[in-house]
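protein-v8.txt follows; it contains compact mmCIF, C-alpha atoms and all ligand atoms.
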# COMPACT_ATOMS: atom_id res chain seq x y z
CA MET O 1 8.15 -69.14 -101.97
CA ALA O 2 10.67 -67.13 -99.95
CA VAL O 3 9.18 -64.23 -98.02
CA VAL O 4 10.63 -60.80 -98.83
CA ILE O 5 9.62 -57.61 -97.12
CA LEU O 6 10.88 -54.33 -98.52
CA ASP O 7 11.48 -50.92 -96.99
CA THR O 8 10.57 -47.61 -98.63
CA GLN O 9 13.78 -47.79 -100.71
CA GLN O 10 13.01 -51.34 -101.90
CA ARG O 11 15.67 -52.83 -99.63
CA PRO O 12 14.87 -56.32 -98.33
CA LEU O 13 15.05 -57.38 -94.69
CA ARG O 14 17.69 -60.07 -95.05
CA ASN O 15 20.70 -59.62 -92.84
CA LEU O 16 20.52 -59.57 -89.04
CA ARG O 17 23.45 -58.82 -86.75
CA VAL O 18 22.84 -60.06 -83.26
CA SER O 19 24.89 -58.66 -80.43
CA VAL O 20 25.06 -61.32 -77.72
CA THR O 21 26.77 -59.09 -75.15
CA ASP O 22 27.75 -55.44 -74.80
CA ARG O 23 30.88 -56.40 -72.82
CA CYS O 24 34.28 -56.39 -74.45
CA ASN O 25 37.74 -57.51 -73.37
CA LEU O 26 39.51 -54.87 -75.52
CA ARG O 27 39.18 -51.09 -75.64
CA CYS O 28 39.88 -50.28 -79.29
CA SER O 29 40.52 -46.58 -79.72
CA TYR O 30 38.05 -46.33 -82.64
CA CYS O 31 35.24 -48.02 -80.70
CA MET O 32 35.68 -47.75 -76.89
CA PRO O 33 38.22 -45.00 -76.22
CA GLU O 34 36.67 -43.68 -73.00
CA PRO O 35 37.96 -44.61 -69.52
CA GLU O 36 34.58 -45.91 -68.33
CA TYR O 37 31.38 -47.33 -69.76
CA VAL O 38 27.79 -47.79 -68.66
CA TRP O 39 26.75 -51.42 -69.23
CA LEU O 40 23.33 -52.80 -70.03
CA PRO O 41 21.54 -54.11 -66.91
CA ARG O 42 22.15 -57.86 -66.61
CA ASP O 43 18.45 -58.65 -66.22
CA ASP O 44 17.76 -57.04 -69.56
CA ILE O 45 20.12 -59.32 -71.48
CA LEU O 46 18.10 -61.79 -73.52
CA HIS O 47 18.40 -65.48 -72.71
CA PHE O 48 19.21 -67.86 -75.55
CA GLU O 49 15.55 -68.94 -75.80
CA GLU O 50 14.51 -65.31 -76.16
CA LEU O 51 17.16 -64.64 -78.79
CA GLU O 52 16.06 -67.71 -80.69
CA ARG O 53 12.46 -66.64 -80.55
CA LEU O 54 13.26 -63.22 -81.99
CA ILE O 55 15.58 -64.67 -84.62
CA ASP O 56 12.78 -67.02 -85.68
CA VAL O 57 10.51 -64.00 -86.08
CA PHE O 58 13.10 -62.41 -88.36
CA THR O 59 13.67 -65.52 -90.44
CA SER O 60 9.92 -65.86 -90.92
CA LEU O 61 10.11 -62.43 -92.58
CA GLY O 62 12.99 -63.20 -94.94
CA VAL O 63 16.20 -62.90 -92.89
CA ASP O 64 18.53 -65.67 -94.02
CA LYS O 65 21.88 -64.26 -92.87
CA VAL O 66 22.65 -64.00 -89.17
CA ARG O 67 25.92 -62.69 -87.73
CA LEU O 68 26.71 -62.96 -84.03
CA THR O 69 28.68 -60.05 -82.69
CA GLY O 70 29.03 -57.80 -79.64
CA GLY O 71 30.82 -56.45 -77.57
CA GLU O 72 32.93 -59.54 -77.74
CA PRO O 73 30.68 -62.51 -78.50
CA LEU O 74 33.11 -65.05 -77.04
CA LEU O 75 32.54 -63.50 -73.61
CA ARG O 76 29.00 -64.86 -73.69
CA ARG O 77 28.89 -68.09 -71.73
CA ASP O 78 27.98 -71.26 -73.66
CA LEU O 79 27.94 -69.51 -77.01
CA PRO O 80 28.41 -72.81 -78.91
CA ALA O 81 25.07 -73.94 -77.47
CA LEU O 82 23.32 -70.98 -79.10
CA ILE O 83 25.21 -71.58 -82.34
CA ARG O 84 24.18 -75.24 -82.36
CA ARG O 85 20.53 -74.27 -81.98
CA LEU O 86 20.71 -71.62 -84.69
CA ALA O 87 22.70 -73.86 -87.06
CA SER O 88 19.90 -76.42 -86.98
CA ARG O 89 17.50 -73.93 -88.58
CA SER O 90 17.39 -74.36 -92.34
CA ALA O 91 16.06 -70.80 -92.74
CA ILE O 92 19.49 -69.47 -91.74
CA ARG O 93 21.54 -69.91 -94.90
CA ASP O 94 24.55 -68.07 -93.53
CA LEU O 95 25.51 -68.14 -89.85
CA ALA O 96 28.61 -66.06 -89.12
CA MET O 97 30.39 -64.43 -86.22
CA THR O 98 32.72 -61.46 -85.73
CA THR O 99 35.24 -61.71 -82.90
CA ASN O 100 38.38 -59.95 -81.74
CA GLY O 101 40.02 -63.38 -81.49
CA VAL O 102 41.39 -63.04 -77.94
CA LEU O 103 39.42 -66.05 -76.62
CA LEU O 104 39.23 -67.89 -79.92
CA ALA O 105 42.01 -70.49 -79.92
CA PRO O 106 40.51 -72.77 -77.27
CA GLN O 107 36.96 -72.34 -78.63
CA ALA O 108 37.44 -72.47 -82.40
CA GLU O 109 36.94 -76.22 -82.67
CA SER O 110 33.71 -76.18 -80.64
CA LEU O 111 32.35 -73.26 -82.67
CA ARG O 112 32.98 -75.21 -85.85
CA GLU O 113 31.47 -78.37 -84.40
CA ALA O 114 28.43 -76.42 -83.26
CA GLY O 115 27.84 -75.48 -86.90
CA LEU O 116 29.11 -71.92 -87.29
CA HIS O 117 29.53 -71.39 -91.04
CA ARG O 118 31.83 -68.40 -91.29
CA LEU O 119 34.14 -66.36 -89.13
CA THR O 120 35.53 -62.83 -89.22
CA ILE O 121 38.35 -61.80 -86.91
CA SER O 122 39.25 -58.18 -86.24
CA LEU O 123 42.97 -57.53 -86.67
CA ASP O 124 44.16 -53.93 -86.89
CA THR O 125 47.90 -54.40 -86.53
CA LEU O 126 50.62 -57.03 -86.46
CA ARG O 127 52.85 -55.04 -84.11
CA PRO O 128 52.60 -55.87 -80.40
CA ASP O 129 53.37 -52.36 -79.15
CA ARG O 130 50.84 -50.87 -81.54
CA PHE O 131 48.23 -53.47 -80.60
CA ARG O 132 48.69 -52.51 -76.97
CA SER O 133 48.25 -48.81 -77.59
CA LEU O 134 45.31 -49.37 -79.95
CA THR O 135 43.38 -51.75 -77.69
CA ARG O 136 44.82 -51.05 -74.21
CA PHE O 137 45.56 -54.78 -73.78
CA ASP O 138 48.62 -56.87 -74.56
CA GLU O 139 46.69 -59.56 -76.38
CA LEU O 140 48.20 -59.77 -79.87
CA PRO O 141 49.78 -63.20 -79.21
CA ARG O 142 46.41 -64.71 -78.25
CA VAL O 143 44.73 -63.12 -81.29
CA LEU O 144 47.40 -64.51 -83.62
CA ASP O 145 47.01 -67.94 -82.01
CA GLY O 146 43.28 -67.71 -82.54
CA ILE O 147 43.80 -66.92 -86.22
CA ALA O 148 46.24 -69.81 -86.65
CA VAL O 149 43.80 -72.27 -85.07
CA ALA O 150 40.68 -70.93 -86.79
CA ALA O 151 42.03 -70.48 -90.34
CA PRO O 152 42.03 -74.19 -91.28
CA LEU O 153 38.66 -74.73 -89.57
CA PHE O 154 36.92 -71.83 -91.31
CA PRO O 155 37.92 -71.68 -94.98
CA GLY O 156 37.38 -68.19 -96.36
CA LEU O 157 38.25 -66.63 -93.01
CA LYS O 158 38.00 -62.82 -93.08
CA LEU O 159 40.31 -60.45 -91.22
CA ASP O 160 38.82 -57.00 -90.64
CA THR O 161 41.14 -54.03 -90.22
CA VAL O 162 39.93 -50.55 -89.31
CA VAL O 163 42.48 -48.29 -90.99
CA ILE O 164 43.36 -45.05 -89.19
CA ARG O 165 45.73 -42.55 -90.75
CA GLY O 166 48.84 -42.10 -88.67
CA VAL O 167 48.04 -45.21 -86.60
CA ASN O 168 48.14 -48.35 -88.78
CA ASP O 169 47.92 -47.10 -92.37
CA ASP O 170 51.50 -48.24 -92.99
CA GLU O 171 50.48 -51.90 -92.52
CA LEU O 172 48.22 -52.47 -95.53
CA VAL O 173 50.78 -54.60 -97.36
CA ASP O 174 51.89 -56.47 -94.22
CA LEU O 175 48.27 -57.36 -93.45
CA ILE O 176 47.61 -58.57 -96.99
CA GLU O 177 50.71 -60.77 -96.80
CA PHE O 178 49.75 -62.06 -93.36
CA ALA O 179 46.21 -62.90 -94.53
CA ARG O 180 47.55 -64.64 -97.63
CA GLY O 181 49.76 -66.82 -95.40
CA HIS O 182 46.61 -68.03 -93.61
CA ARG O 183 44.47 -68.31 -96.77
CA ALA O 184 42.33 -65.56 -95.27
CA GLU O 185 40.93 -62.42 -96.91
CA VAL O 186 41.69 -59.05 -95.37
CA ARG O 187 39.09 -56.28 -95.51
CA PHE O 188 40.17 -52.73 -94.88
CA ILE O 189 37.46 -50.68 -93.19
CA GLU O 190 37.37 -46.91 -93.32
CA TYR O 191 37.30 -45.38 -89.84
CA MET O 192 33.66 -44.45 -89.18
CA ASP O 193 32.18 -41.71 -87.00
CA VAL O 194 29.70 -44.15 -85.47
CA GLY O 195 28.51 -44.30 -81.85
CA GLY O 196 31.35 -44.23 -79.40
CA ALA O 197 34.08 -43.19 -81.85
CA THR O 198 34.69 -40.06 -79.79
CA HIS O 199 38.20 -39.58 -81.20
CA TRP O 200 37.05 -39.63 -84.83
CA ALA O 201 38.07 -36.84 -87.18
CA MET O 202 37.90 -36.76 -90.98
CA PRO O 203 41.68 -36.28 -91.45
CA ARG O 204 42.19 -39.61 -89.66
CA VAL O 205 40.14 -41.48 -92.28
CA LEU O 206 42.16 -43.17 -95.04
CA PRO O 207 39.73 -43.17 -97.97
CA ARG O 208 39.34 -46.16 -100.24
CA SER O 209 40.94 -44.25 -103.13
CA GLU O 210 44.10 -43.73 -101.12
CA MET O 211 44.21 -47.34 -99.96
CA LEU O 212 44.01 -48.44 -103.59
CA ASP O 213 46.73 -45.98 -104.70
CA ARG O 214 49.09 -47.24 -102.03
CA LEU O 215 48.44 -50.89 -102.85
CA GLN O 216 48.82 -50.30 -106.60
CA SER O 217 52.13 -48.56 -106.10
CA HIS O 218 53.35 -51.62 -104.19
CA TYR O 219 51.77 -54.48 -106.13
CA GLY O 220 50.93 -53.05 -109.56
CA PRO O 221 47.43 -52.97 -111.07
CA VAL O 222 44.59 -53.85 -108.73
CA GLU O 223 41.39 -55.03 -110.45
CA PRO O 224 37.87 -54.86 -108.99
CA VAL O 225 36.11 -58.21 -108.64
CA LEU O 226 32.82 -57.86 -110.49
CA GLU O 227 30.05 -59.43 -108.44
CA ALA O 228 26.46 -58.66 -107.55
CA SER O 229 26.29 -58.60 -103.77
CA SER O 230 24.83 -56.65 -100.88
CA ALA O 231 27.99 -57.34 -98.86
CA PRO O 232 29.56 -54.16 -97.50
CA ALA O 233 33.02 -54.89 -98.93
CA ASP O 234 34.04 -54.19 -102.50
CA ARG O 235 36.58 -56.83 -103.43
CA TYR O 236 39.75 -56.43 -105.49
CA THR O 237 42.38 -58.74 -106.97
CA LEU O 238 46.14 -58.22 -106.93
CA PRO O 239 48.18 -59.23 -109.98
CA ASP O 240 48.96 -62.62 -108.36
CA GLY O 241 45.26 -63.35 -107.75
CA THR O 242 45.17 -62.47 -104.04
CA VAL O 243 41.80 -61.00 -103.14
CA PHE O 244 41.15 -58.31 -100.52
CA GLY O 245 38.20 -56.08 -99.68
CA ILE O 246 37.52 -52.46 -98.79
CA ILE O 247 34.53 -51.26 -96.79
CA SER O 248 34.22 -47.60 -97.57
CA SER O 249 31.27 -46.71 -95.34
CA THR O 250 32.65 -43.24 -94.62
CA THR O 251 33.64 -41.81 -97.99
CA GLU O 252 31.51 -43.95 -100.34
CA PRO O 253 28.55 -45.26 -98.35
CA PHE O 254 26.33 -48.01 -99.72
CA CYS O 255 23.01 -47.23 -98.04
CA HIS O 256 21.13 -47.97 -101.27
CA SER O 257 21.89 -51.69 -100.94
CA CYS O 258 21.92 -51.99 -97.15
CA ASP O 259 19.84 -54.96 -96.03
CA ARG O 260 21.32 -55.05 -92.52
CA SER O 261 19.71 -54.40 -89.19
CA ARG O 262 20.95 -54.94 -85.67
CA LEU O 263 19.56 -56.51 -82.54
CA THR O 264 21.22 -55.54 -79.25
CA ALA O 265 21.80 -58.05 -76.46
CA ASP O 266 18.83 -56.54 -74.58
CA GLY O 267 16.47 -56.79 -77.52
CA LEU O 268 16.45 -53.35 -79.13
CA TRP O 269 16.35 -53.45 -82.91
CA TYR O 270 18.20 -50.79 -84.93
CA LEU O 271 17.71 -50.22 -88.64
CA CYS O 272 20.89 -48.22 -89.18
CA LEU O 273 24.24 -47.91 -87.41
CA TYR O 274 23.63 -44.17 -87.25
CA ALA O 275 20.03 -44.38 -86.02
CA ALA O 276 19.26 -42.48 -82.81
CA HIS O 277 16.41 -44.79 -81.78
CA GLY O 278 15.64 -48.48 -81.94
CA THR O 279 12.50 -50.57 -81.63
CA ASP O 280 12.13 -52.31 -78.28
CA LEU O 281 11.39 -55.97 -78.96
CA ARG O 282 12.25 -57.13 -75.43
CA ARG O 283 9.25 -55.49 -73.84
CA PRO O 284 6.62 -57.18 -76.04
CA LEU O 285 8.59 -60.44 -76.02
CA ARG O 286 8.66 -60.56 -72.23
CA GLY O 287 5.15 -59.14 -72.04
CA GLY O 288 3.74 -62.23 -73.72
CA ALA O 289 3.36 -61.08 -77.34
CA THR O 290 2.65 -63.88 -79.77
CA THR O 291 5.06 -64.68 -82.58
CA GLU O 292 2.52 -63.23 -85.01
CA GLN O 293 2.36 -59.96 -83.03
CA LEU O 294 6.15 -59.69 -82.94
CA ALA O 295 6.34 -60.38 -86.67
CA GLN O 296 3.71 -57.72 -87.27
CA LEU O 297 5.78 -55.17 -85.32
CA VAL O 298 8.98 -56.04 -87.21
CA ARG O 299 7.25 -55.96 -90.58
CA ALA O 300 5.53 -52.65 -89.93
CA THR O 301 8.80 -51.09 -88.74
CA TRP O 302 10.84 -52.33 -91.71
CA GLU O 303 8.24 -51.32 -94.28
CA VAL O 304 8.52 -47.65 -93.30
CA ARG O 305 12.34 -47.69 -93.02
CA SER O 306 13.98 -44.90 -94.95
CA ASP O 307 17.35 -44.62 -93.12
CA ARG O 308 20.36 -43.61 -95.18
CA GLY O 309 22.51 -42.76 -92.18
CA ALA O 310 25.98 -42.97 -93.74
CA GLU O 311 24.93 -40.96 -96.79
CA GLU O 312 23.41 -38.26 -94.60
CA ARG O 313 26.62 -38.08 -92.60
CA LEU O 314 28.59 -37.73 -95.81
CA ALA O 315 26.41 -34.80 -96.82
CA SER O 316 26.78 -33.00 -93.50
CA ARG O 317 29.04 -29.99 -93.73
CA ASP O 318 30.94 -29.70 -90.47
CA ARG O 319 31.46 -33.38 -89.83
CA SER O 320 32.99 -34.18 -86.46
CA THR O 321 32.27 -36.86 -83.82
CA LEU O 322 28.66 -38.00 -83.96
CA ILE O 323 27.57 -38.13 -80.32
CA PRO O 324 28.91 -36.31 -77.24
CA VAL O 325 30.23 -38.48 -74.40
CA ASP O 326 27.57 -37.43 -71.87
CA ARG O 327 24.83 -38.54 -74.26
CA LEU O 328 26.58 -41.89 -74.84
CA LYS O 329 26.66 -42.41 -71.08
CA ARG O 330 22.95 -41.67 -70.82
CA ASP O 331 22.12 -44.12 -73.60
CA PRO O 332 24.65 -46.92 -74.10
CA HIS O 333 22.53 -48.19 -77.01
CA LEU O 334 24.16 -45.48 -79.10
CA GLU O 335 27.52 -47.23 -78.74
CA MET O 336 28.94 -49.45 -81.49
CA HIS O 337 29.92 -52.09 -78.93
CA THR O 338 26.25 -52.31 -77.87
CA ARG O 339 24.84 -52.29 -81.38
CA GLY O 340 27.41 -54.70 -82.76
CA GLY O 341 29.72 -53.90 -85.64
N1 LIG H 1 34.44 -57.66 -80.53
C1 LIG H 1 34.25 -58.08 -81.88
C2 LIG H 1 35.36 -57.59 -82.76
O1 LIG H 1 36.25 -56.91 -82.29
O2 LIG H 1 35.35 -57.93 -83.92
C3 LIG H 1 32.90 -57.71 -82.48
C4 LIG H 1 32.33 -56.36 -82.20
S1 LIG H 1 33.21 -55.01 -82.86
C5 LIG H 1 32.12 -53.69 -82.43
C6 LIG H 1 32.98 -55.31 -84.59
C7 LIG H 1 33.63 -54.40 -85.53
O3 LIG H 1 33.12 -53.11 -85.39
C8 LIG H 1 35.13 -54.19 -85.49
O4 LIG H 1 35.89 -55.14 -86.12
C9 LIG H 1 35.25 -52.97 -86.34
O5 LIG H 1 35.37 -53.39 -87.65
C10 LIG H 1 33.92 -52.30 -86.20
N2 LIG H 1 34.03 -50.95 -85.67
C11 LIG H 1 33.85 -50.49 -84.42
N3 LIG H 1 34.03 -49.15 -84.37
C12 LIG H 1 34.33 -48.76 -85.63
C13 LIG H 1 34.63 -47.50 -86.22
N4 LIG H 1 34.65 -46.37 -85.51
N5 LIG H 1 34.88 -47.46 -87.54
C14 LIG H 1 34.85 -48.59 -88.28
N6 LIG H 1 34.58 -49.81 -87.78
C15 LIG H 1 34.33 -49.89 -86.47

Can the structure from this file be put into structure tokens for me?
Ligand code: SAM
Amino acid sequence: MAVVILDTQQRPLRNLRVSVTDRCNLRCSYCMPEPEYVWLPRDDILHFEELERLIDVFTSLGVDKVRLTGGEPLLRRDLPALIRRLASRSAIRDLAMTTNGVLLAPQAESLREAGLHRLTISLDTLRPDRFRSLTRFDELPRVLDGIAVAAPLFPGLKLDTVVIRGVNDDELVDLIEFARGHRAEVRFIEYMDVGGATHWAMPRVLPRSEMLDRLQSHYGPVEPVLEASSAPADRYTLPDGTVFGIISSTTEPFCHSCDRSRLTADGLWYLCLYAAHGTDLRRPLRGGATTEQLAQLVRATWEVRSDRGAEERLASRDRSTLIPVDRLKRDPHLEMHTRGG
């Protein structure tokens, strides 16, 4: 019988996002807008064997979905070797990765061969000048190459777009058309006030309702896809059958069904993107804790989880950026690029 452990809100521990590095080769304005960053000490970064050991602890407690992320996961050397080892574990039903696509084209084949099941590529704009100002790097051509190579290898490819009013909110239709051309599914993500989003402001968020209005006025009626799922995206169909998703974490959070938690590259475990503190799993792991002791720590932590971070943010009155820059510098674990998106 499958193991299920529940938190105080009856949410199962099921979905683990593993950040394999805090380093990134882009500087997206919604994630890493500052001129400089404090990186995790190299010695603290978990080796593959250590990551595997922790992931095995999680799967023994019911996790069956693992997503590799970062930072930029493709910056981690030998990533296919880790994927191969994880893909051989039958307990992991869904092994996915989120990448910015810059380094993808030459690696896509080996990721597929290693056994990666699913892929999500971040793509916020199709315009080279806009890409440069959004990410501070002139890398759109390499990202588009990566998408072209990966799309046939990973059926059901997802393209994630963070939508920012006044920045890329005029590209919703173009992105849907682009995704359709690659048999991919675009997911529009509301701009969130998480971690290092130091330029966030509510007027820059394009709410789900407005995204839908704009798409309906272009395409005609948009119908919700009715499905029971804990996935963050609500999916919709256009009149011609094209499906897209919206992740409305900012204006319509879904904490009630959140079964996700996040492991940083140095082994801290966070139960909510908005959480101020994580559980240090590296210290006991490196201190010789047994698998049973680690499992006991994870279980005990999950069973008292009550986080509803996005809902609490929604309820806060004077909502502005979440964390001041000096605090982010003191604790890089508060950053989205450390926690993994
Ligand atoms: N480097 C990889 C990438 O670009 O996809 C993986 C890590 S990145 C932190 C993962 C995702 O985090 C991005 O695609 C984006 O969707 C999300 N993200 C980061 N900051 C965000 C913000 N302020 N609001 C919404 N999503 C954000």

task: Counting only C-alpha atoms and all ligand atoms, name the residues that have an atom within 9 Å of an atom of ligand LIG 1 (chain H); the answer should be given as a ChimeraX atom specification.
output: /O:19,22-26,28-32,68-74,97-101,120-124,159-164,188-200,247,249-250,335-341

Selection to disk with C-alpha atoms, as a compact mmCIF listing (two decimals), keeping the file's coordinate frame:
# COMPACT_ATOMS: atom_id res chain seq x y z
CA SER O 19 24.89 -58.66 -80.43
CA ASP O 22 27.75 -55.44 -74.80
CA ARG O 23 30.88 -56.40 -72.82
CA CYS O 24 34.28 -56.39 -74.45
CA ASN O 25 37.74 -57.51 -73.37
CA LEU O 26 39.51 -54.87 -75.52
CA CYS O 28 39.88 -50.28 -79.29
CA SER O 29 40.52 -46.58 -79.72
CA TYR O 30 38.05 -46.33 -82.64
CA CYS O 31 35.24 -48.02 -80.70
CA MET O 32 35.68 -47.75 -76.89
CA LEU O 68 26.71 -62.96 -84.03
CA THR O 69 28.68 -60.05 -82.69
CA GLY O 70 29.03 -57.80 -79.64
CA GLY O 71 30.82 -56.45 -77.57
CA GLU O 72 32.93 -59.54 -77.74
CA PRO O 73 30.68 -62.51 -78.50
CA LEU O 74 33.11 -65.05 -77.04
CA MET O 97 30.39 -64.43 -86.22
CA THR O 98 32.72 -61.46 -85.73
CA THR O 99 35.24 -61.71 -82.90
CA ASN O 100 38.38 -59.95 -81.74
CA GLY O 101 40.02 -63.38 -81.49
CA THR O 120 35.53 -62.83 -89.22
CA ILE O 121 38.35 -61.80 -86.91
CA SER O 122 39.25 -58.18 -86.24
CA LEU O 123 42.97 -57.53 -86.67
CA ASP O 124 44.16 -53.93 -86.89
CA LEU O 159 40.31 -60.45 -91.22
CA ASP O 160 38.82 -57.00 -90.64
CA THR O 161 41.14 -54.03 -90.22
CA VAL O 162 39.93 -50.55 -89.31
CA VAL O 163 42.48 -48.29 -90.99
CA ILE O 164 43.36 -45.05 -89.19
CA PHE O 188 40.17 -52.73 -94.88
CA ILE O 189 37.46 -50.68 -93.19
CA GLU O 190 37.37 -46.91 -93.32
CA TYR O 191 37.30 -45.38 -89.84
CA MET O 192 33.66 -44.45 -89.18
CA ASP O 193 32.18 -41.71 -87.00
CA VAL O 194 29.70 -44.15 -85.47
CA GLY O 195 28.51 -44.30 -81.85
CA GLY O 196 31.35 -44.23 -79.40
CA ALA O 197 34.08 -43.19 -81.85
CA THR O 198 34.69 -40.06 -79.79
CA HIS O 199 38.20 -39.58 -81.20
CA TRP O 200 37.05 -39.63 -84.83
CA ILE O 247 34.53 -51.26 -96.79
CA SER O 249 31.27 -46.71 -95.34
CA THR O 250 32.65 -43.24 -94.62
CA GLU O 335 27.52 -47.23 -78.74
CA MET O 336 28.94 -49.45 -81.49
CA HIS O 337 29.92 -52.09 -78.93
CA THR O 338 26.25 -52.31 -77.87
CA ARG O 339 24.84 -52.29 -81.38
CA GLY O 340 27.41 -54.70 -82.76
CA GLY O 341 29.72 -53.90 -85.64

field: Within 9 Å of Met211 of chain O using only C-alpha atoms, minus same-chain residues under 3 positions, as a VMD selection string
entry: chain O and resid 169 172 188 206 to 208 214 to 216 246

Neighbours of segment 85-91 of chain O within 6 Å (all atoms listed in the file; same-chain residues fewer than 3 positions away dropped), as a tab-separated table (two decimals) with C-alpha atoms, in the coordinates of the input?
chain	number	residue	atom	x	y	z
O	64	ASP	CA	18.53	-65.67	-94.02
O	82	LEU	CA	23.32	-70.98	-79.10
O	115	GLY	CA	27.84	-75.48	-86.90

query: Which distance in Å separates atom CA of Leu273 of chain O and atom CA of His333 of chain O, to one decimal?
result: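 Spanning atom CA of Leu273 of chain O to atom CA of His333 of chain O is a straight-line distance of 10.5 Å.
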
field: Between atom CA of Leu61 of chain O and atom CA of Pro80 of chain O - distance in Å to one decimal
entry: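 According to the coordinates, atom CA of Pro80 of chain O and atom CA of Leu61 of chain O are separated by 25.1 Å.
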
message: Can you pull out the residues contacting segment 280-291 of chain O? Cut-off 10 Å, using all atoms listed in the file, and skip same-chain residues under 6 positions away; I want them as number ranges by chain.
response: O: 44-46, 50-51, 53-54, 56-57, 60, 263-270, 297-298

Taking all atoms listed in the file into account, produce a table as JSON lines in which each residue of segment 173-290 of chain O with an atom at most 12 Å from an atom of segment 148-155 of chain O appears once, together with its shortest atom pair and the distance in Å to one decimal, ordered by chain and rising number.
{"residue": "O:Phe178", "atom": "CA", "partner": "O:Ala148", "partner_atom": "CA", "distance": 10.8}
{"residue": "O:Ala179", "atom": "CA", "partner": "O:Ala151", "partner_atom": "CA", "distance": 9.6}
{"residue": "O:Arg180", "atom": "CA", "partner": "O:Ala151", "partner_atom": "CA", "distance": 10.8}
{"residue": "O:Gly181", "atom": "CA", "partner": "O:Ala148", "partner_atom": "CA", "distance": 9.9}
{"residue": "O:His182", "atom": "CA", "partner": "O:Ala151", "partner_atom": "CA", "distance": 6.1}
{"residue": "O:Arg183", "atom": "CA", "partner": "O:Ala151", "partner_atom": "CA", "distance": 7.2}
{"residue": "O:Ala184", "atom": "CA", "partner": "O:Ala151", "partner_atom": "CA", "distance": 7.0}
{"residue": "O:Glu185", "atom": "CA", "partner": "O:Pro155", "partner_atom": "CA", "distance": 9.9}

query: Which one of O:Asp259, O:Asp307, O:Asp318, O:Asp240 sits closest to Pro12 of chain O if you count only C-alpha atoms?
result: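 Checking each of O:Asp259, O:Asp307, O:Asp318, O:Asp240 against Pro12 of chain O, counting only C-alpha atoms, the winner is O:Asp259.
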
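The shortest atom-to-atom distance to Ala108 of chain O, with all atoms listed in the file taken into account, belongs to O:Val143 out of O:Val143, O:Glu177, O:Arg132, O:Leu212.
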
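Between atom CA of Tyr236 of chain O and atom CA of Pro224 of chain O there is a distance of 4.3 Å.
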
message: Between O:Ser133, O:Ser110, O:Thr279, O:Gln293, which residue has the minimum interatomic distance to Arg84 of chain O, considering all atoms listed in the file?
response: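 Checking each candidate against Arg84 of chain O, we get O:Ser110 as the closest.
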
field: Given all atoms listed in the file as the counted atoms, nearest of O:Arg42, O:Ala276, O:Glu139, O:Ala295 to Arg327 of chain O
entry: O:Ala276

query: Out of O:Glu109, O:Val167, O:Val102, O:Gln296, which residue has the shortest atom-to-atom distance to Leu75 of chain O when counting only C-alpha atoms?
result: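 Nearest to Leu75 of chain O: O:Val102.
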
Any chance you could build segment 94-102 of chain O out to N, CA, C and O atoms and write it as a compact mmCIF listing (two decimals), keeping the file's coordinate frame?
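What follows is the written file out_30.txt:
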# COMPACT_ATOMS: atom_id res chain seq x y z
N ASP O 94 23.19 -68.52 -93.82
CA ASP O 94 24.55 -68.07 -93.53
C ASP O 94 24.62 -67.67 -92.06
O ASP O 94 23.97 -66.71 -91.64
N LEU O 95 25.38 -68.42 -91.29
CA LEU O 95 25.51 -68.14 -89.85
C LEU O 95 26.98 -67.80 -89.59
O LEU O 95 27.86 -68.65 -89.71
N ALA O 96 27.22 -66.55 -89.23
CA ALA O 96 28.61 -66.06 -89.12
C ALA O 96 28.83 -65.41 -87.77
O ALA O 96 27.88 -65.17 -87.00
N MET O 97 30.08 -65.12 -87.47
CA MET O 97 30.39 -64.43 -86.22
C MET O 97 31.59 -63.51 -86.43
O MET O 97 32.49 -63.81 -87.21
N THR O 98 31.57 -62.37 -85.75
CA THR O 98 32.72 -61.46 -85.73
C THR O 98 33.29 -61.45 -84.33
O THR O 98 32.55 -61.24 -83.35
N THR O 99 34.60 -61.66 -84.21
CA THR O 99 35.24 -61.71 -82.90
C THR O 99 36.57 -60.96 -82.94
O THR O 99 37.16 -60.82 -84.01
N ASN O 100 37.04 -60.54 -81.77
CA ASN O 100 38.38 -59.95 -81.74
C ASN O 100 39.46 -61.02 -81.61
O ASN O 100 40.65 -60.71 -81.63
N GLY O 101 39.07 -62.27 -81.44
CA GLY O 101 40.02 -63.38 -81.49
C GLY O 101 40.74 -63.69 -80.20
O GLY O 101 41.41 -64.72 -80.09
N VAL O 102 40.60 -62.84 -79.17
CA VAL O 102 41.39 -63.04 -77.94
C VAL O 102 41.08 -64.41 -77.31
O VAL O 102 41.99 -65.11 -76.87
